[in-house]
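The file final35.txt comes next; it holds compact mmCIF, C-alpha atoms.
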```txt
# COMPACT_ATOMS: atom_id res chain seq x y z
CA ARG B 1 11.28 44.71 -32.75
CA GLN B 2 14.82 45.82 -33.43
CA ARG B 3 13.49 48.85 -35.27
CA THR B 4 11.09 50.06 -32.64
CA ARG B 5 13.39 49.77 -29.66
CA PRO B 6 15.86 52.52 -30.63
CA GLN B 7 12.96 54.91 -31.28
CA LEU B 8 11.46 54.26 -27.90
CA LEU B 9 14.78 54.81 -26.27
CA ARG B 10 15.29 58.00 -28.18
CA ALA B 11 12.03 59.23 -26.78
CA GLU B 12 13.39 58.47 -23.33
CA ASN B 13 16.49 60.42 -24.28
CA THR B 14 14.55 63.61 -24.38
CA MET B 15 13.52 63.31 -20.75
CA LEU B 16 17.07 63.01 -19.52
CA ASN B 17 20.25 64.54 -20.76
CA THR B 18 21.58 61.99 -23.19
CA SER B 19 23.85 63.95 -25.42
CA THR B 20 26.62 61.54 -26.08
CA LYS B 21 29.28 64.21 -26.40
CA THR B 22 31.81 64.45 -23.61
CA PRO B 23 31.36 67.84 -21.96
CA THR B 24 34.33 70.18 -22.09
CA GLY B 25 35.00 73.27 -20.05
CA GLY B 26 35.54 76.79 -21.21
CA PHE B 27 33.21 79.39 -22.65
CA SER B 28 29.68 78.39 -23.53
CA PHE B 29 27.96 80.23 -26.38
CA GLU B 30 24.49 78.83 -25.78
CA ASN B 31 22.87 82.08 -24.85
CA THR B 32 24.32 84.39 -27.48
CA ARG B 33 21.34 84.11 -29.82
CA ARG B 34 18.89 84.62 -27.01
CA ASN B 35 20.83 87.68 -25.82
CA ALA B 36 20.89 89.15 -29.32
CA VAL B 37 17.12 88.76 -29.60
CA LEU B 38 16.59 90.28 -26.15
CA GLU B 39 18.78 93.24 -26.94
CA ALA B 40 16.91 93.85 -30.19
CA ASN B 41 13.61 93.78 -28.31
CA LEU B 42 14.87 96.14 -25.64
CA SER B 43 16.29 98.63 -28.08
CA GLU B 44 12.93 98.80 -29.88
CA LYS B 45 11.37 100.03 -26.66
CA GLY B 46 14.19 102.46 -26.03
CA TYR B 47 15.97 100.63 -23.22
CA SER B 48 19.51 99.34 -23.45
CA ALA B 49 20.99 96.11 -22.18
CA PRO B 50 23.32 96.34 -19.15
CA ASN B 51 26.99 96.87 -19.92
CA ALA B 52 29.99 95.30 -18.32
CA ARG B 53 31.62 97.53 -15.74
CA LYS B 54 34.73 99.20 -17.10
CA THR B 55 37.52 100.52 -14.97
CA GLY B 56 37.77 103.90 -16.73
CA THR B 57 41.36 104.19 -15.75
CA THR B 58 44.64 105.91 -15.87
CA ILE B 59 47.50 103.45 -15.48
CA ALA B 60 51.15 104.25 -16.08
CA GLY B 61 54.55 102.64 -15.84
CA LEU B 62 58.08 103.97 -15.85
CA ILE B 63 61.57 102.50 -15.82
CA PHE B 64 63.98 104.38 -13.56
CA LYS B 65 67.54 103.80 -12.48
CA ASP B 66 67.03 100.80 -10.18
CA GLY B 67 63.76 99.31 -11.40
CA VAL B 68 60.17 99.90 -12.42
CA ILE B 69 57.41 102.08 -10.98
CA LEU B 70 53.79 101.28 -11.77
CA GLY B 71 51.02 103.75 -11.00
CA ALA B 72 47.24 103.64 -11.19
CA ASP B 73 44.20 105.58 -10.08
CA THR B 74 41.47 103.90 -8.03
CA ARG B 75 38.10 104.63 -9.62
CA ALA B 76 35.88 102.01 -11.26
CA THR B 77 32.96 103.29 -13.34
CA ASP B 78 29.74 101.72 -14.53
CA ASP B 79 28.92 103.84 -17.58
CA MET B 80 28.46 107.26 -16.00
CA VAL B 81 28.29 106.22 -12.35
CA VAL B 82 31.25 105.61 -10.06
CA ALA B 83 30.96 101.98 -8.99
CA ASP B 84 34.00 101.73 -6.74
CA LYS B 85 35.87 104.69 -5.25
CA ASN B 86 38.88 102.76 -4.08
CA CYS B 87 39.59 99.68 -6.15
CA MET B 88 43.01 98.10 -6.64
CA LYS B 89 44.21 98.13 -10.19
CA ILE B 90 47.77 96.96 -9.60
CA HIS B 91 47.66 93.16 -9.46
CA TYR B 92 50.26 90.71 -8.25
CA ILE B 93 51.66 88.30 -10.81
CA ALA B 94 54.95 87.10 -9.34
CA PRO B 95 57.13 88.30 -6.42
CA LYS B 96 58.91 90.80 -8.65
CA ILE B 97 56.30 91.25 -11.40
CA TYR B 98 53.16 93.34 -11.08
CA CYS B 99 50.49 94.18 -13.61
CA CYS B 100 48.13 97.15 -13.93
CA GLY B 101 44.81 96.39 -15.57
CA ALA B 102 42.48 98.67 -17.51
CA GLY B 103 39.40 97.99 -19.61
CA VAL B 104 36.59 95.74 -18.47
CA ALA B 105 37.14 95.24 -14.74
CA ALA B 106 36.18 91.57 -14.54
CA ASP B 107 38.29 90.64 -17.56
CA ALA B 108 41.35 92.39 -16.20
CA GLU B 109 40.90 90.75 -12.79
CA VAL B 110 40.41 87.21 -14.07
CA THR B 111 43.16 87.52 -16.67
CA THR B 112 45.71 88.66 -14.11
CA GLN B 113 44.71 85.94 -11.66
CA MET B 114 45.06 83.27 -14.32
CA MET B 115 48.42 84.70 -15.36
CA SER B 116 49.59 84.65 -11.78
CA SER B 117 48.69 80.97 -11.42
CA ASN B 118 50.25 80.08 -14.76
CA VAL B 119 53.45 81.92 -13.91
CA GLU B 120 53.71 80.11 -10.59
CA LEU B 121 53.22 76.71 -12.24
CA HIS B 122 55.70 77.54 -14.96
CA SER B 123 58.38 78.69 -12.58
CA LEU B 124 57.84 75.59 -10.44
CA SER B 125 58.32 73.41 -13.48
CA THR B 126 61.39 75.26 -14.79
CA GLY B 127 62.87 75.87 -11.35
CA ARG B 128 63.74 79.48 -12.20
CA PRO B 129 62.21 82.83 -11.29
CA PRO B 130 59.80 84.04 -13.97
CA LEU B 131 60.64 86.48 -16.73
CA VAL B 132 58.49 89.50 -17.56
CA ALA B 133 58.75 88.56 -21.23
CA MET B 134 57.21 85.17 -20.43
CA VAL B 135 54.22 86.81 -18.74
CA THR B 136 53.78 89.14 -21.71
CA ARG B 137 53.95 86.29 -24.18
CA GLN B 138 51.33 84.22 -22.39
CA LEU B 139 49.08 87.24 -22.06
CA LYS B 140 49.28 88.21 -25.69
CA GLN B 141 48.71 84.67 -26.89
CA MET B 142 45.63 84.34 -24.74
CA LEU B 143 44.21 87.73 -25.71
CA PHE B 144 44.78 87.05 -29.39
CA ARG B 145 43.03 83.73 -29.09
CA TYR B 146 39.89 85.56 -27.96
CA GLN B 147 40.22 88.23 -30.66
CA GLY B 148 39.71 91.20 -28.38
CA HIS B 149 36.45 89.97 -26.83
CA ILE B 150 38.29 89.87 -23.51
CA GLY B 151 38.54 93.62 -23.06
CA SER B 152 41.52 94.06 -20.81
CA SER B 153 44.52 96.29 -21.51
CA LEU B 154 47.42 95.65 -19.21
CA ILE B 155 50.76 97.14 -18.31
CA VAL B 156 53.16 94.46 -17.08
CA GLY B 157 56.27 95.61 -15.25
CA GLY B 158 58.89 93.86 -13.20
CA VAL B 159 62.49 93.06 -12.54
CA ASP B 160 64.00 89.75 -13.60
CA VAL B 161 67.44 88.43 -14.58
CA ASN B 162 67.44 90.69 -17.64
CA GLY B 163 66.89 93.83 -15.61
CA PRO B 164 63.82 96.06 -15.21
CA GLN B 165 61.28 95.71 -18.02
CA LEU B 166 57.95 97.26 -18.93
CA TYR B 167 55.45 95.95 -21.47
CA SER B 168 51.95 97.01 -22.41
CA VAL B 169 49.47 94.52 -23.87
CA TYR B 170 46.36 95.61 -25.77
CA PRO B 171 43.03 93.71 -25.79
CA HIS B 172 43.57 92.31 -29.28
CA GLY B 173 46.97 90.89 -28.41
CA SER B 174 49.56 93.43 -29.55
CA TYR B 175 52.25 94.57 -27.17
CA ASP B 176 54.85 97.33 -26.81
CA LYS B 177 58.10 97.42 -24.92
CA LEU B 178 58.97 100.97 -23.93
CA PRO B 179 60.64 102.89 -21.10
CA PHE B 180 57.37 104.61 -20.15
CA LEU B 181 53.80 103.61 -20.91
CA THR B 182 50.27 104.70 -20.13
CA MET B 183 46.93 102.99 -20.81
CA GLY B 184 43.28 103.51 -20.10
CA SER B 185 40.89 106.35 -20.74
CA GLY B 186 43.22 108.85 -19.07
CA ALA B 187 46.25 107.67 -21.04
CA ALA B 188 46.49 110.79 -23.18
CA SER B 189 46.67 113.11 -20.18
CA ALA B 190 49.21 110.94 -18.39
CA VAL B 191 51.46 110.41 -21.38
CA SER B 192 51.67 114.15 -21.96
CA VAL B 193 53.28 114.54 -18.53
CA PHE B 194 55.68 111.69 -19.27
CA GLU B 195 56.63 113.07 -22.67
CA ASP B 196 57.40 116.40 -21.10
CA ARG B 197 59.52 115.37 -18.13
CA TYR B 198 60.84 111.84 -18.64
CA LYS B 199 64.62 111.32 -18.61
CA PRO B 200 66.41 107.95 -18.64
CA ASN B 201 67.95 106.75 -15.35
CA MET B 202 66.01 108.97 -12.97
CA GLU B 203 66.38 108.75 -9.20
CA LEU B 204 63.70 107.08 -7.08
CA GLU B 205 62.06 110.17 -5.60
CA GLU B 206 62.03 112.07 -8.86
CA ALA B 207 60.54 109.06 -10.65
CA LYS B 208 57.84 108.59 -7.99
CA GLN B 209 56.93 112.25 -8.25
CA LEU B 210 56.70 112.01 -12.04
CA VAL B 211 54.39 108.99 -11.98
CA ARG B 212 52.27 110.65 -9.33
CA ASP B 213 51.98 113.75 -11.48
CA ALA B 214 51.04 111.72 -14.53
CA ILE B 215 48.27 109.84 -12.72
CA THR B 216 47.05 113.08 -11.16
CA ALA B 217 46.84 114.60 -14.64
CA GLY B 218 44.68 111.63 -15.63
CA ILE B 219 42.52 112.03 -12.52
CA PHE B 220 41.84 115.71 -13.14
CA CYS B 221 41.52 115.67 -16.90
CA ASP B 222 39.59 112.43 -17.45
CA LEU B 223 36.11 111.75 -16.11
CA GLY B 224 36.67 108.03 -15.90
CA SER B 225 39.61 108.28 -13.50
CA GLY B 226 39.56 109.60 -9.98
CA SER B 227 40.15 109.16 -6.27
CA ASN B 228 43.63 108.20 -5.13
CA VAL B 229 46.96 107.37 -6.70
CA ASP B 230 48.43 103.91 -6.05
CA LEU B 231 52.10 103.30 -6.72
CA CYS B 232 54.13 100.12 -6.86
CA VAL B 233 57.92 100.44 -6.82
CA ILE B 234 59.73 97.27 -7.92
CA THR B 235 63.49 97.06 -7.59
CA GLU B 236 65.80 94.10 -7.60
CA LYS B 237 65.82 93.95 -3.82
CA THR B 238 62.36 95.10 -2.72
CA VAL B 239 58.80 95.69 -3.78
CA ASP B 240 56.93 98.65 -2.27
CA TYR B 241 53.20 98.63 -2.79
CA LEU B 242 52.16 102.16 -1.82
CA ARG B 243 48.40 102.07 -1.67
CA GLY B 244 46.88 105.50 -1.42
CA TYR B 245 50.19 107.20 -2.01
CA ASP B 246 48.48 110.45 -2.80
CA GLN B 247 44.93 111.68 -2.47
CA PRO B 248 44.61 114.70 -4.70
CA VAL B 249 40.84 114.74 -4.50
CA GLN B 250 39.47 115.28 -1.01
CA LYS B 251 35.77 115.44 -0.39
CA GLY B 252 34.85 119.05 0.47
CA LEU B 253 33.67 119.95 3.98
CA ARG B 254 30.26 121.58 4.31
CA GLU B 255 30.58 125.24 5.25
CA GLY B 256 27.18 125.74 6.88
CA THR B 257 24.11 123.81 8.00
CA TYR B 258 20.82 123.67 6.18
CA ARG B 259 18.66 122.82 9.15
CA TYR B 260 15.76 125.11 10.11
CA LYS B 261 15.48 126.39 13.65
CA PRO B 262 12.52 124.89 15.61
CA GLY B 263 9.68 127.43 15.56
CA THR B 264 10.40 128.63 12.01
CA THR B 265 7.01 127.43 10.83
CA ALA B 266 4.13 128.97 12.84
CA VAL B 267 1.37 126.56 14.01
CA LEU B 268 -2.07 127.98 13.10
CA THR B 269 -4.57 125.32 14.24
CA LYS B 270 -4.40 122.01 16.07
CA THR B 271 -7.02 119.20 16.12
CA VAL B 272 -6.65 115.93 18.03
CA THR B 273 -8.61 112.81 16.95
CA PRO B 274 -8.28 109.87 19.33
CA LEU B 275 -8.52 106.44 17.66
CA THR B 276 -10.43 103.90 19.79
CA LEU B 277 -9.08 100.42 19.55
CA ASP B 278 -10.76 97.33 21.04
CA VAL B 279 -8.63 94.56 22.50
CA VAL B 280 -9.57 91.50 20.43
CA ASP B 281 -7.10 88.88 21.54
CA GLU B 282 -4.34 88.68 24.10
CA SER B 283 -1.61 86.03 24.11
CA VAL B 284 1.47 85.72 26.26
CA GLN B 285 4.66 84.10 24.95
CA VAL B 286 7.26 83.37 27.60
CA MET B 287 10.84 84.07 26.54
CA ASP B 288 13.65 81.86 27.77
CA THR B 289 15.80 84.47 29.37
CA GLU B 290 17.66 82.16 31.74
CA MET M 1 28.66 39.52 -27.98
CA ASN M 2 32.36 39.21 -28.40
CA THR M 3 33.91 40.71 -25.29
CA ARG M 4 37.51 40.42 -26.36
CA GLY M 5 39.02 43.65 -27.57
CA LEU M 6 35.92 45.49 -26.47
CA ARG M 7 37.66 48.79 -25.97
CA SER M 8 38.71 48.97 -29.55
CA GLN M 9 35.08 48.72 -30.61
CA LEU M 10 33.88 51.57 -28.46
CA LYS M 11 32.48 54.47 -30.37
CA ASP M 12 34.05 57.77 -29.62
CA SER M 13 32.33 60.05 -32.07
CA VAL M 14 28.82 61.31 -32.48
CA PRO M 15 27.08 60.28 -35.70
CA VAL M 16 26.13 62.86 -38.31
CA THR M 17 22.58 64.04 -37.77
CA GLY M 18 21.59 64.40 -41.39
CA LEU M 19 19.71 67.05 -43.25
CA CYS M 20 17.91 68.60 -40.31
CA PRO M 21 20.45 69.75 -37.74
CA GLN M 22 17.79 70.74 -35.27
CA ALA M 23 16.15 67.33 -35.36
CA GLY M 24 14.72 65.98 -32.17
CA PRO M 25 13.84 62.38 -31.44
CA TYR M 26 11.22 62.06 -34.14
CA GLY M 27 13.24 63.51 -36.94
CA VAL M 28 11.47 66.87 -37.04
CA GLN M 29 12.67 70.16 -35.69
CA ASP M 30 12.71 70.22 -31.90
CA SER M 31 11.61 73.72 -30.87
CA LEU M 32 11.51 72.96 -27.18
CA ARG M 33 15.13 72.03 -26.83
CA ARG M 34 16.88 73.73 -29.70
CA GLY M 35 14.80 76.83 -30.26
CA PHE M 36 13.35 78.18 -33.46
CA SER M 37 15.28 77.30 -36.53
CA SER M 38 16.24 79.58 -39.34
CA VAL M 39 18.66 79.23 -42.17
CA LYS M 40 20.77 81.99 -40.70
CA ASN M 41 21.00 80.16 -37.39
CA GLU M 42 22.19 77.00 -39.00
CA LEU M 43 24.67 78.48 -41.42
CA LEU M 44 26.21 81.22 -39.31
CA PRO M 45 27.70 80.75 -35.86
CA SER M 46 26.00 82.62 -33.04
CA HIS M 47 29.21 84.24 -31.85
CA PRO M 48 32.39 85.02 -33.79
CA LEU M 49 34.42 82.95 -31.38
CA GLU M 50 32.15 79.92 -31.31
CA LEU M 51 33.74 77.99 -34.14
CA SER M 52 37.29 78.93 -33.35
CA GLU M 53 36.86 77.92 -29.72
CA LYS M 54 35.22 74.61 -30.59
CA ASN M 55 38.13 73.66 -32.81
CA PHE M 56 40.88 75.37 -30.91
CA GLN M 57 42.50 72.28 -29.44
CA LEU M 58 42.30 70.44 -32.75
CA ASN M 59 43.88 73.30 -34.64
CA GLN M 60 46.64 73.68 -32.09
CA ASP M 61 47.44 70.01 -32.34
CA LYS M 62 47.45 70.10 -36.13
CA MET M 63 49.79 73.05 -36.16
CA ASN M 64 52.13 71.49 -33.66
CA PHE M 65 52.19 68.18 -35.46
CA ASN M 66 52.93 69.89 -38.74
CA THR M 67 55.83 71.77 -37.26
CA LEU M 68 57.12 68.61 -35.65
CA ARG M 69 56.87 66.77 -38.94
CA ASN M 70 58.84 69.48 -40.70
CA ILE M 71 61.55 69.47 -38.07
CA GLN M 72 61.94 65.84 -37.16
CA GLY M 73 60.29 63.89 -39.93
CA LEU M 74 57.07 61.93 -40.21
CA HIS M 75 57.82 59.42 -37.49
CA ALA M 76 57.63 61.94 -34.65
CA PRO M 77 53.97 63.01 -35.07
CA LEU M 78 52.98 59.45 -35.89
CA LYS M 79 54.38 58.15 -32.63
CA LEU M 80 52.85 61.01 -30.68
CA GLN M 81 49.45 60.52 -32.24
CA MET M 82 49.58 56.87 -31.35
CA GLU M 83 50.25 57.84 -27.76
CA TYR M 84 47.41 60.36 -27.84
CA ARG M 85 45.02 57.75 -29.12
CA ALA M 86 46.03 55.38 -26.38
CA ALA M 87 45.72 58.05 -23.70
CA ARG M 88 42.32 59.12 -24.96
CA GLN M 89 40.96 55.65 -24.34
CA ILE M 90 41.75 55.77 -20.64
CA GLN M 91 38.33 56.85 -19.48
CA ARG M 92 35.86 55.96 -16.84
CA LEU M 93 32.36 54.75 -17.57
CA PRO M 94 30.78 56.79 -20.37
CA PHE M 95 28.62 59.04 -18.21
CA LEU M 96 31.28 59.93 -15.63
CA PRO M 97 33.64 62.85 -16.19
CA SER M 98 37.25 61.92 -16.54
CA SER M 99 40.23 64.00 -15.53
CA ASN M 100 42.13 63.00 -18.69
CA LEU M 101 45.38 63.14 -16.77
CA ALA M 102 47.39 61.12 -19.26
CA LEU M 103 46.15 63.15 -22.20
CA ASP M 104 46.88 66.40 -20.38
CA THR M 105 50.38 65.28 -19.53
CA LEU M 106 51.07 64.38 -23.15
CA ARG M 107 49.76 67.71 -24.37
CA GLY M 108 51.66 69.63 -21.74
CA SER M 109 48.51 71.28 -20.44
CA ASP M 110 48.83 69.74 -16.99
CA ASP M 111 50.80 72.77 -15.79
CA THR M 112 48.74 75.50 -17.39
CA ILE M 113 45.44 77.01 -16.31
CA GLY M 114 43.06 78.28 -18.96
CA PHE M 115 39.41 79.20 -19.15
CA GLU M 116 38.48 75.57 -19.68
CA ASP M 117 39.61 74.87 -16.12
CA ILE M 118 37.82 77.78 -14.53
CA LEU M 119 34.56 78.05 -16.44
CA ASN M 120 32.08 75.23 -17.02
CA ASP M 121 34.17 72.59 -15.34
CA PRO M 122 32.61 69.27 -16.40
CA VAL M 123 33.22 67.87 -12.91
CA GLN M 124 30.80 70.44 -11.52
CA SER M 125 28.13 70.26 -14.19
CA GLU M 126 24.58 69.93 -12.95
CA MET M 127 23.46 67.47 -15.58
CA MET M 128 24.62 63.94 -16.03
CA GLY M 129 23.88 61.63 -18.89
CA ASP M 130 21.61 58.70 -18.31
CA PRO M 131 23.95 55.82 -17.41
CA HIS M 132 22.07 53.10 -19.25
CA ILE M 133 21.60 54.98 -22.50
CA MET M 134 25.17 56.23 -22.61
CA THR M 135 26.67 52.83 -21.92
CA GLU M 136 24.45 51.20 -24.50
CA TYR M 137 25.38 53.82 -27.04
CA LYS M 138 29.06 53.31 -26.36
CA LEU M 139 28.78 49.55 -26.69
CA GLY M 140 26.86 49.92 -29.92
CA VAL M 141 23.80 48.12 -28.59
CA LEU M 142 21.58 51.16 -28.91
```

If you convert what's in this file into structure tokens, what do you get?
Amino acid sequence: RQRTRPQLLRAENTMLNTSTKTPTGGFSFENTRRNAVLEANLSEKGYSAPNARKTGTTIAGLIFKDGVILGADTRATDDMVVADKNCMKIHYIAPKIYCCGAGVAADAEVTTQMMSSNVELHSLSTGRPPLVAMVTRQLKQMLFRYQGHIGSSLIVGGVDVNGPQLYSVYPHGSYDKLPFLTMGSGAASAVSVFEDRYKPNMELEEAKQLVRDAITAGIFCDLGSGSNVDLCVITEKTVDYLRGYDQPVQKGLREGTYRYKPGTTAVLTKTVTPLTLDVVDESVQVMDTE
Amino acid sequence: MNTRGLRSQLKDSVPVTGLCPQAGPYGVQDSLRRGFSSVKNELLPSHPLELSEKNFQLNQDKMNFNTLRNIQGLHAPLKLQMEYRAARQIQRLPFLPSSNLALDTLRGSDDTIGFEDILNDPVQSEMMGDPHIMTEYKLGVL
């Protein structure tokens, strides 16, 4: 009897969920094999599986005399189609720290939101305002943990007790600390403008103009970037989020109309066929209009 | 049954399944629940991150304990592991999800947010284990 009872109960196990492991959170890899098989099947027939939406971006950052300026374009692409004409790529992390995100749009968004929460918790527990280096360190440790499968490249810039700082973090977890940085598909175009005209300790207006020019170069020379330029100026005293600072690409106005004048097409013959309909059923439903 | 010291007799690990990892209740391969089996499926992980994510917490702990041992001597990780073991036993009934607050506080993960808090939160899972079976398994009666 002792031998049959566990077998009976194990049969019951299959009806209900009786895995005796404690469930943990985090990523679940249950469907990866199924997805691989599906993709193989689709590619045999010539279709391709849907891709994650990338931002197709130009983002840039610059250290000037009093602080940091971050700039970004506002187009999000889905392969070759523009998915969002006016998305926000400059994300809030802390009161004086902002982050531009490029790469896969969802990854950049979720990563920056998690960083923002972590930074808030950390600064509550230390009792001090957060450091940009701390944000960079947490970001790079997390991105390295996932070995580049989280496809978000980020430019973190802000002002803390050590002065204005600018870091870029790549999807596999490496980072750079430089006075000017660009990332995204339009990075090459933007960095060429920076390399040409950057000087240390620039004034505010000159620096804003330079970042605007760099992002505009990315907008015009890269298919994945477009629409407007967003700027974020962070100094020790203030933060200016200038959304839609410049709109280099305006939609063109139509010069003429393409409508035909009534009477353009001559009517040759006209036949009228009345359709006779019999009333089959009539019902009245009273509406409550009072 | 001896009810004294019951908690120390509770099982907290899943037994090894044996030669057929895809075994169902009758010892043969369970296609309905675990899919088709192939040698490749069993030997190789389905995603490059699967193994490293499954063991991430363990590896972090090992690394931290090793560093602590090198800095402060053997007593420090021993004491901490004793505390971890005690904190891990503070659970609810076997089929209910536990917040593991004491364990989180010891690890220092009570003031961080990671993907394990956002995705697949066990508190919000749609399936629950069968209470009777899980309790019997834990008590060793099954």

If you measure from atom CA of Ala83 of chain B to atom CA of Val37 of chain B, what distance in Å do you get, rounded to one decimal? 28.1 Å

Residue nearest chain M among B:Phe220, B:Tyr146, B:Phe180, B:Phe194 (counting all atoms listed in the file):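 The answer is B:Tyr146, which sits nearest to chain M.
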
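The interatomic distance for the pair atom CA of Met88 of chain B and atom CA of Asp117 of chain M works out to 25.3 Å.
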
Closest pair table for chain M residues within 6 Å of chain B, all atoms listed in the file, as CSV:
```
residue,atom,partner,partner_atom,distance
M:Pro25,CA,B:Arg10,CA,5.6
M:Ser46,CA,B:Arg33,CA,5.9
M:Asp111,CA,B:Leu121,CA,5.8
M:Thr112,CA,B:Asn118,CA,5.5
M:Ile113,CA,B:Asn118,CA,5.9
M:Phe115,CA,B:Gly26,CA,5.0
M:Glu116,CA,B:Gly26,CA,3.5
M:Leu119,CA,B:Gly26,CA,5.0
M:Asn120,CA,B:Gly25,CA,4.6
M:Asp121,CA,B:Gly25,CA,4.8
M:Pro122,CA,B:Pro23,CA,5.9
M:Gly129,CA,B:Thr18,CA,4.9
M:Asp130,CA,B:Thr18,CA,5.9
```

Could the residues in this selection be written to a file with C-alpha atoms, as a compact mmCIF listing (two decimals), in the frame of the given file?
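This went into result_38.txt:
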```
# COMPACT_ATOMS: atom_id res chain seq x y z
CA PRO M 25 13.84 62.38 -31.44
CA SER M 46 26.00 82.62 -33.04
CA ASP M 111 50.80 72.77 -15.79
CA THR M 112 48.74 75.50 -17.39
CA ILE M 113 45.44 77.01 -16.31
CA PHE M 115 39.41 79.20 -19.15
CA GLU M 116 38.48 75.57 -19.68
CA LEU M 119 34.56 78.05 -16.44
CA ASN M 120 32.08 75.23 -17.02
CA ASP M 121 34.17 72.59 -15.34
CA PRO M 122 32.61 69.27 -16.40
CA GLY M 129 23.88 61.63 -18.89
CA ASP M 130 21.61 58.70 -18.31
```

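Taking atom CA of Ala214 of chain B and atom CA of Arg197 of chain B as the two end points, the separation is 9.9 Å.
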
Who sits within 8 Å of Phe65 of chain M, all atoms listed in the file, same chain under 4 positions skipped, as a PyMOL selection string: chain M and resi 61+69+77

Nearest to Ser99 of chain M, chosen from M:Leu68, M:Leu139, M:Ala87, M:Val123, with all atoms listed in the file counted in the distances: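 Of M:Leu68, M:Leu139, M:Ala87, M:Val123, the one nearest Ser99 of chain M, counting all atoms listed in the file, is M:Val123.
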
Rank nothing, just name the residue among M:Ile118, M:Leu51, M:Ala86, M:Ile133 nearest to Ala102 of chain M, using all atoms listed in the file.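 Counting all atoms listed in the file, the residue closest to Ala102 of chain M is M:Ala86.
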
Residue nearest Val81 of chain B among B:Leu268, B:Leu223, B:Ile155, B:Ile63 (counting only C-alpha atoms): B:Leu223

Tell me, as a short mmCIF file (atom, residue, chain, number, x, y, z; two decimals) with C-alpha atoms, in the frame of the given file, which residues lie within 10 Å of segment 238-245 of chain B, counting all atoms listed in the file; anything in the same chain fewer than 2 positions away does not count.
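That gives us out-v3.cif:
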```cif
data_model
loop_
_atom_site.label_atom_id
_atom_site.label_comp_id
_atom_site.auth_asym_id
_atom_site.auth_seq_id
_atom_site.Cartn_x
_atom_site.Cartn_y
_atom_site.Cartn_z
CA GLY B 67 63.76 99.31 -11.40
CA VAL B 68 60.17 99.90 -12.42
CA ILE B 69 57.41 102.08 -10.98
CA LEU B 70 53.79 101.28 -11.77
CA GLY B 71 51.02 103.75 -11.00
CA ALA B 72 47.24 103.64 -11.19
CA ASP B 73 44.20 105.58 -10.08
CA THR B 74 41.47 103.90 -8.03
CA ASN B 86 38.88 102.76 -4.08
CA MET B 88 43.01 98.10 -6.64
CA ILE B 90 47.77 96.96 -9.60
CA PRO B 95 57.13 88.30 -6.42
CA LYS B 96 58.91 90.80 -8.65
CA ILE B 97 56.30 91.25 -11.40
CA TYR B 98 53.16 93.34 -11.08
CA GLY B 158 58.89 93.86 -13.20
CA VAL B 159 62.49 93.06 -12.54
CA LYS B 208 57.84 108.59 -7.99
CA ARG B 212 52.27 110.65 -9.33
CA SER B 227 40.15 109.16 -6.27
CA ASN B 228 43.63 108.20 -5.13
CA VAL B 229 46.96 107.37 -6.70
CA ASP B 230 48.43 103.91 -6.05
CA LEU B 231 52.10 103.30 -6.72
CA CYS B 232 54.13 100.12 -6.86
CA VAL B 233 57.92 100.44 -6.82
CA ILE B 234 59.73 97.27 -7.92
CA THR B 235 63.49 97.06 -7.59
CA GLU B 236 65.80 94.10 -7.60
CA GLN B 247 44.93 111.68 -2.47
CA PRO B 248 44.61 114.70 -4.70
#
```

Residue among B:Lys54, B:Phe64, B:Pro171, B:Gly186 lying closest to Glu203 of chain B, counting only C-alpha atoms: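 Checking each candidate against Glu203 of chain B, we get B:Phe64 as the closest.
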